[in-house]
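Engineer: One structure, as structure tokens, below. Some questions next.
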Amino acid sequence: MSPSASSPRGAAAPRFAVVGNPENRRVAFFQEAVRAAGPAPARVVSWLQVLGGEASFDPGETVRIDSPGENAEVERLLRGVDDPTRVEGSARWYAGFHSAVGEVSRAASAAGAEVLTSPGDIAALFDKRLCHALLEDAGVPVPASPTSGRRAARVRDWSDVRELMREHRMPRAFVKLAHGSSASGVLAVETAGPGRVRASTSVERESEGRLFNSLRVRRYTTEREVGAIVDALAPDGLHIERWLPKASQRGRAADLRIVVVGGRATHAVVRTSLSPMTNLHLGGARGDLDEVRAAVSAVGGCWREALAVCERAAACFPGTLCVGVDLLPAAGWRRFAVGEVNAFGDLLPGLTGLPGSGAEGLDTYAAQVAAVLDRARNHRAVTPL
């Protein structure tokens, strides 16, 4: 595998550092992969150190930036909320996180270390409007969107959402927080004439109007309820996409998370659900990948072409070693579109690489470590003595 991030400066085997929350399982999985590959354990730089201006790196380190999530104090500093399950504050989170990633990049560059994710990529990956526009400009199939790109109309409230859905003939649409992740603040909205609205979402609205993320997808069936949620979310920025009818597997809506490492699709998992949201933490279940391949083949499609769509999506973020691509199969399994590209979409415990991917027998973290080590070996082989 050949990662897309720039080559390391030195000829020595990489020494890893990981920016993350030390107690988080993501850091543990990455450490396990590093240990199994043989290098010294990765040095952990906490997000609290970064946000406190205390992060430092060593010359020659290869720096992985991991998710700042699942730490209440980090969430408080980034979003300004005391309860990490609150939905509001995503615009503030985005500004703070982008600034923090910039600080990591500057500190690493000054020390002579290499970062595996560029600040520019992070800026686009965590703004669904910018990400969607990048993909569309690159010819990657995506759901139609009236909010894509820097010059798209801003969404101020529910009335704007209703008007955009009407104007663009979208009776069914996904309304998403521009800077959300893990389905936070996502509503699958259906309309059928004046006043007839319903939405499926993991957002729970208290009587006082505060919004919380729930692990249960619920349905709101009145325009008043849906409008109140959208009005509360809108100040943080909203993105609207056409709701594409998905293919199904065993009576459940299905899509795929494809992990791309170094420009190559290495891992794939099928996600199925009885709700419009297939996220595994919201009750989605892993489906059968062999059945997907068979379904694609049965209608004259090509599984390799589906993976190529994901690789084209990942190529829009050349400064990032690994992304997770949400691949949406249209009903009938004949066509595919990219729903989202995730900077931290590799948390798929126990999943090993696809046949022919170069990551056979490796989980997503081991595949990334192997890609960095392979690149370093290739670099040493061509570096003159």
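Each chain in the structure tokens gets a letter, A, B and so on, in the order shown; residues start at 1 in every chain, and ligands are counted from 1 in the order they appear.
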Give me, as JSON lines, each residue of range 274-320 of chain A that comes within 9 Å of range 231-251 of chain A, together with its shortest interatomic pair and the distance in Å at one decimal, counting only C-alpha atoms, with rows ordered by chain and rising residue number.
Structural biologist:
{"residue": "A:Leu274", "atom": "CA", "partner": "A:Gly251", "partner_atom": "CA", "distance": 8.0}
{"residue": "A:Pro276", "atom": "CA", "partner": "A:Lys246", "partner_atom": "CA", "distance": 8.9}
{"residue": "A:Gly287", "atom": "CA", "partner": "A:Gln249", "partner_atom": "CA", "distance": 7.5}
{"residue": "A:Asp288", "atom": "CA", "partner": "A:Gln249", "partner_atom": "CA", "distance": 8.3}
{"residue": "A:Glu291", "atom": "CA", "partner": "A:Gln249", "partner_atom": "CA", "distance": 8.1}
{"residue": "A:Val292", "atom": "CA", "partner": "A:Gln249", "partner_atom": "CA", "distance": 8.0}
Engineer: Taking the backbone alone, and naming residues the way the document does, which bits of range 150-365 of chain A are helix (DSSP H, G or I) by DSSP, as number ranges by chain?
Structural biologist: A: 158-167, 223-236, 280-282, 289-298, 303-314, 364-365
Engineer: What does the distance between CA of Gly332 in chain A and CA of Arg293 in chain A come to in Å, to one decimal place?
Structural biologist: 12.4 Å
Engineer: Closest to Arg210 in chain A among A:Val115, A:Val323, A:Val175, A:Val87, using only C-alpha atoms?
Structural biologist: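 When distances to Arg210 in chain A are compared using only C-alpha atoms, the smallest one comes from A:Val87.
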Engineer: Within 7 Å of range 92-101 of chain A, counting only C-alpha atoms, which residues show up once you throw out same-chain ones fewer than 5 positions away? Write them as a list of chain:residue names, please.
Structural biologist: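 Using only C-alpha atoms, the neighbours found are A:Val50, A:Leu51, A:Leu78, A:Arg79, A:Pro119, A:Ile122, A:Ala123, A:His179.
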Engineer: Go ahead and save the picked residues with N, CA, C and O atoms, as a CSV table (one decimal), in the first residue's frame.
Structural biologist:
chain,number,residue,atom,x,y,z
A,50,VAL,N,-3.3,19.4,23.6
A,50,VAL,CA,-3.4,20.2,22.4
A,50,VAL,C,-4.2,21.5,22.7
A,50,VAL,O,-3.8,22.6,22.4
A,51,LEU,N,-5.4,21.3,23.3
A,51,LEU,CA,-6.2,22.4,23.6
A,51,LEU,C,-5.7,23.4,24.7
A,51,LEU,O,-6.0,24.5,24.7
A,78,LEU,N,-14.4,22.2,23.4
A,78,LEU,CA,-14.7,22.4,22.0
A,78,LEU,C,-16.1,23.0,21.7
A,78,LEU,O,-16.3,23.8,20.8
A,79,ARG,N,-17.1,22.5,22.4
A,79,ARG,CA,-18.5,22.9,22.1
A,79,ARG,C,-19.1,23.8,23.1
A,79,ARG,O,-20.2,24.4,22.9
A,119,PRO,N,-4.7,19.8,7.7
A,119,PRO,CA,-5.8,20.7,8.2
A,119,PRO,C,-6.8,21.0,7.1
A,119,PRO,O,-8.0,21.2,7.4
A,122,ILE,N,-9.2,18.2,6.8
A,122,ILE,CA,-10.1,18.2,8.0
A,122,ILE,C,-11.2,19.3,7.8
A,122,ILE,O,-12.4,19.0,8.1
A,123,ALA,N,-10.8,20.4,7.3
A,123,ALA,CA,-11.8,21.5,7.1
A,123,ALA,C,-12.9,21.1,6.2
A,123,ALA,O,-14.1,21.4,6.4
A,179,HIS,N,-21.8,20.3,10.5
A,179,HIS,CA,-20.5,19.9,11.1
A,179,HIS,C,-20.8,18.7,12.0
A,179,HIS,O,-20.0,18.4,13.0
Engineer: What is the CA of Val270 in chain A-CA of Thr364 in chain A distance in Å, reported with one decimal?
Structural biologist: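 CA of Thr364 in chain A lies at a distance of 15.2 Å from CA of Val270 in chain A.
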Engineer: Which of these residues is nearest to Val104 in chain A, using only C-alpha atoms: A:Pro146, A:Gly53, A:Gly356, A:Pro318?
Structural biologist: A:Gly53
Engineer: From the options A:Val309, A:Ala72, A:Val63, A:Ala294, which residue's atoms come nearest to Val44 in chain A, counting only C-alpha atoms?
Structural biologist: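 Ranking A:Val309, A:Ala72, A:Val63, A:Ala294 by distance to Val44 in chain A, first place goes to A:Val63.
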Engineer: Using only C-alpha atoms, find the one residue out of A:Pro141, A:Gly262, A:Gly209, A:Gly120 that sits nearest to Val369 in chain A.
Structural biologist: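 So, comparing all the options, the nearest one is A:Gly262.
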Engineer: Find the distance between CA of Trp47 in chain A and CA of Thr266 in chain A and write it in Å to one decimal.
Structural biologist: 28.2 Å
Engineer: Any idea what's packed within 10 Å of Cys310 in chain A, counting only C-alpha atoms, ignoring anything in its chain fewer than 6 positions away? Could you give it as a ChimeraX atom specification?
Structural biologist: /A:140-141,257-260,263-265,323-327,336-338,341
Engineer: For Asp58 in chain A, which of A:Ala17, A:Met170, A:Ala28, A:Val217 is the closest residue, counting only C-alpha atoms?
Structural biologist: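 Using only C-alpha atoms, Asp58 in chain A sits closest to A:Ala17.
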Engineer: Using DSSP secondary structure from the backbone, list all strand (DSSP E) positions within range 104-300 of chain A, as a PyMOL selection string.
Structural biologist: chain A and resi 114-115+172-177+187-191+197-205+211-220+238-242+248-249+252-261+264-273+285-286
